[in-house]
Every structure is written in C-alpha cells, then in structure tokens.
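The block underneath contains the structure these notes are about, expressed in structure tokens.
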Amino acid sequence: MTNDHDLTRRKYLQAATAGTVMAGAAGCLGGGGGSEGNSWRTQELATVPAPEHPALYEPTEQDQSGETINHLTWTGYDASNVQDPFREQFSCDTQLDLFTSNPQAFNRLQSGEWQQFHQATFDMAWIPRLAEADLIRPIDYEDWKAYTFDQYIDLFKKENGYKYAFVNEDDYTFDIDGTMYGAPQRFGWASFVVNTDNVPEDAYSSYDAAWSSEFEVGVYDLMFWGIQIIMLREGIDPFKEHTEAEVEQVRQATFELFDNAKTLLPDFASMNQAMKSGEIDIGFISGNWINGTLRRGGDLQFQAVVPEEGSVIWVETTAFVKGDQPTVSDNYLAYMQRGENALKLSWPTSGGTNVVPHQTAWENYSDRQREVLRVDEVRDIIDRSVFYTGIPDLEKFEPIWREAKTRI
C-alpha cells in the first residue's frame, strides 16, 4: 500500500474490505480482533473493529510488548496517573505530543506528520475535516459501542441526539446516521471568567460586563474562541458563512472590547495569575479548562460563567490516525474510555481539570471535585449553549483580531 494512491475514498474502503476478506481466508490473526484486527492495522484507511467487550481491557497473546503509541493531544492526557497504569499493564510506552491550537495541529497532520502518530484528539468540529482529508480512520460503531457510547451520560448518547462523532461521508457534515470517526473524551465550555467577589451576579448575566468600564478586563490572546464568544454576544451564529454587515458588526464589537480592556494576556497561565493577583476582575475568554486550575487550588470565587447569550461547548474527541498501528492501539483507546480511567483524566496529576462524559466518573466524583468542576451545573450550561461545529470563514476574522490587539 503506497501513500500516493489515486483511489477515491469510497473505492479505497471497498478495496480495504476486500483485503480484509483475503486476510481472513489466509488465516491471519492479530490483537484480539481476529483476521479483521490484523488487516486494519496495516491498511491506511481500514475501519477499526473491536473484539467483544471487555477483551480490550486486558493484554492478549497477540499484543506485542515494548511498543510505543504516539498520541497528538492536549495537556492533561500526559499526566502520570493517566498514562502510567496503561504502560505498566500492557508493557508498552506512550508518547504524547501536546498542542494548543486545533488549526495548527490539523496543518501538522496534513503536511505529513500523520506518519508520526497513531491517535489524535481534536475538538470535535475538526473530525469531519480530518475525515475528508483522509487523515483518520472510520470506527466500527457497533463494535465500539460497549467501550464508548454505552459508558456515557445521557447527554452524550447517540439515541439522545449526540451526533458529533459521526460523519456523513457524502458531504462531511455531522450526521447521527453517519460513520463513527471518533470517541468523546473530555468536554467543557468557552465563555468568560469572573471574580464573583468583585463582579455582581446581575452584571455577569451578559457578556456586556466585559465591555463595561466598571470592571478591569483582561483579554486572552486566543482569537479562535474569542471571536466565537463575540459573535454570541452580538447575536450572530458563529457556525455559518457571514455577511459583510456581520463581519463589520464583529469588527466594531471586537475593537470596543479591546479599547475597554486593561491588558492583553498571552496564555491562560498569565490570565489565571492576573485573576488571582486582583489585576483583573474579568478574563475574556475563559472556560472550565482554564480556570479549573484556580478552583482546584481553593479559589472558588473564580467562575467561568455562562451568561444569557450562552457559551460554546467543545468535546475533545479521539480518532485513529491512518497508517500502520501498534497491536495495542485499540487497547489504548479502550483504556482511555473506561470510566475509572476517564475519572483520572478529569482530575490529572498535571494539566487542567475538565469534566468527562463517562457515567462512572460522574458517579464517583467526590464532593470537592463536583464543586470544582461544577458538575451539577453542566446540564443547564449545555442546554443554554451551542456545540462547536466550526467557523467556515474564520479567515475573515483573523485580521480583525490582529488589528484589535494594537489598540491595547
């Protein structure tokens, strides 16, 4: 199999299926998945199967020791309490390459770095783009259901309408009846953070508080999420093509936000420090993945609040990258999805704290964890928010943000 094949995706998958049948006829074995398990590991875009639940939770004779799984993902996944138990149980290593930008990570894979990774975890809006670019593999939903969606809280059940892991391969949009391409891992919301000791509740009922001269405001230099929140404040749908009038409306609102801001903050550590020191009362933008570190340290007055305009819900979703896979790659995804391990990912020894969609984790959060993570507010937050599905004309807004930064 060469990387420069000129088959269409549909024809390729048909060829992969035929290859699977031939491998089965030849009696190939592998990884607890039978003949099909061996085939998917060596074909770039073959669908990923899974043996009957719970076989993937334990090593088998087919799993090789000494392998390394390379995972492109976010901070927290690399924590020792998350990775070490898997490494020890399966006698293998895991290497995690951490990123902070979906677009940059996508460009890395598309430029050829896909050959360096076995799994990748993106915010879910990028799953259709990764699938369309032939960078990730389809996953057999029926095989994986017991390891993934059967484990989730009701909000993330396919039968309850959760569609953000399934792709229509005709137009590469989310489709609940489409092909599974990823498994949800962590989730949260993008909004803004306030010091509730300094900002009254009636003030942060709207994003207008960040535009108010009554409060000291810091802007986190994270255009990608910031522009979406500005659109929500302006009553504009972020996830469609935008008219010239809408772009201009966003431009004016962005300039007004930066004109009002006291400081521009380069990273979330700087914003957390500015909040903790009292330099700013409001951080725009933020979310539970950012201010959770402050709350975990006991500073519960810092809240990533969701005002009446709502927030943007993101769901980190893990996919299998095309190309050859280690024998324990499917074991690794199953391990990360298991409820007790998802709980560790939610509360890692390093990296931010985030909620996970796994029912076992929700049932085992301690009272302190529930308070820090605001678990009992999550359902209401989701009901009042929108799921992140991608900004199709993001390039229109990048110059606006760059110019706005010169105004502080």
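Labels for the structure tokens follow display order: chains A, B, ..., residues from 1 in each chain, ligands from 1.
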Set the distance at 10 Å and use only C-alpha atoms: which residues neighbour region 287-296 of chain A once local chain neighbours fewer than 3 positions away are removed? I'd like the list as an MDAnalysis selection string. chainID A and resid 186:194 267:269 271:273 275:276 283:284 299:306 311:313 347 350:355 368:369 371:374
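Excluding Phe174 (chain A) and any residue on its chain fewer than 4 positions from it, the residues at most 7 Å away by only C-alpha atoms are Lys163, Tyr164, Phe166, Val167 and Asn168 of chain A.
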Shell around Gln83 (chain A) at 8 Å using only C-alpha atoms, local window under 5 positions removed, as a list in words: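 Surrounding residues, per the criterion: Tyr77, Asp78 and Thr94 of chain A.
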Close residues, Asp140 (chain A) itself excluded, 8 Å, only C-alpha atoms, min 6 positions apart in chain, as number ranges by chain: A: 47-50, 179-180
Could you turn the residues from that selection into a file that holds C-alpha atoms, as a PDB file, in the first residue's frame?
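What landed in result-v9.pdb:
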ATOM      1  CA  THR A  47     -12.283   0.644   9.524  1.00  0.00           C
ATOM      2  CA  VAL A  48     -11.227  -0.047  13.116  1.00  0.00           C
ATOM      3  CA  PRO A  49     -13.053  -3.058  14.625  1.00  0.00           C
ATOM      4  CA  ALA A  50     -13.041  -4.198  18.248  1.00  0.00           C
ATOM      5  CA  THR A 179     -19.905   6.806  10.156  1.00  0.00           C
ATOM      6  CA  MET A 180     -18.226   6.941  13.554  1.00  0.00           C
TER       7      MET A 180
END
Quick one: pull the distance between CA of Gly218 (chain A) and CA of Pro200 (chain A), Å, one decimal.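 Taking CA of Gly218 (chain A) as the start and CA of Pro200 (chain A) as the end point, the length is 17.5 Å.
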What is the distance, in Å and to one decimal place, between CA of Ala334 (chain A) and CA of Trp144 (chain A)? 8.5 Å
Based on DSSP run over this structure's backbone, return all residues of region 107-304 of chain A in alpha helix (DSSP H), as a ChimeraX atom specification. /A:107-110,127-132,141-144,223-233,244-260,268-277,288-296
For region 249-255 of chain A, list every protein, DNA or RNA residue within 7 Å, evaluated using only C-alpha atoms, and leave out those in the same chain fewer than 2 positions away; present the list as a list in words.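 Listed by chain and then number, they are Ile230, Met231, Ala245, Glu246, Val247, Leu257, Phe258, Asp259, Ile400 and Ala404 of chain A.
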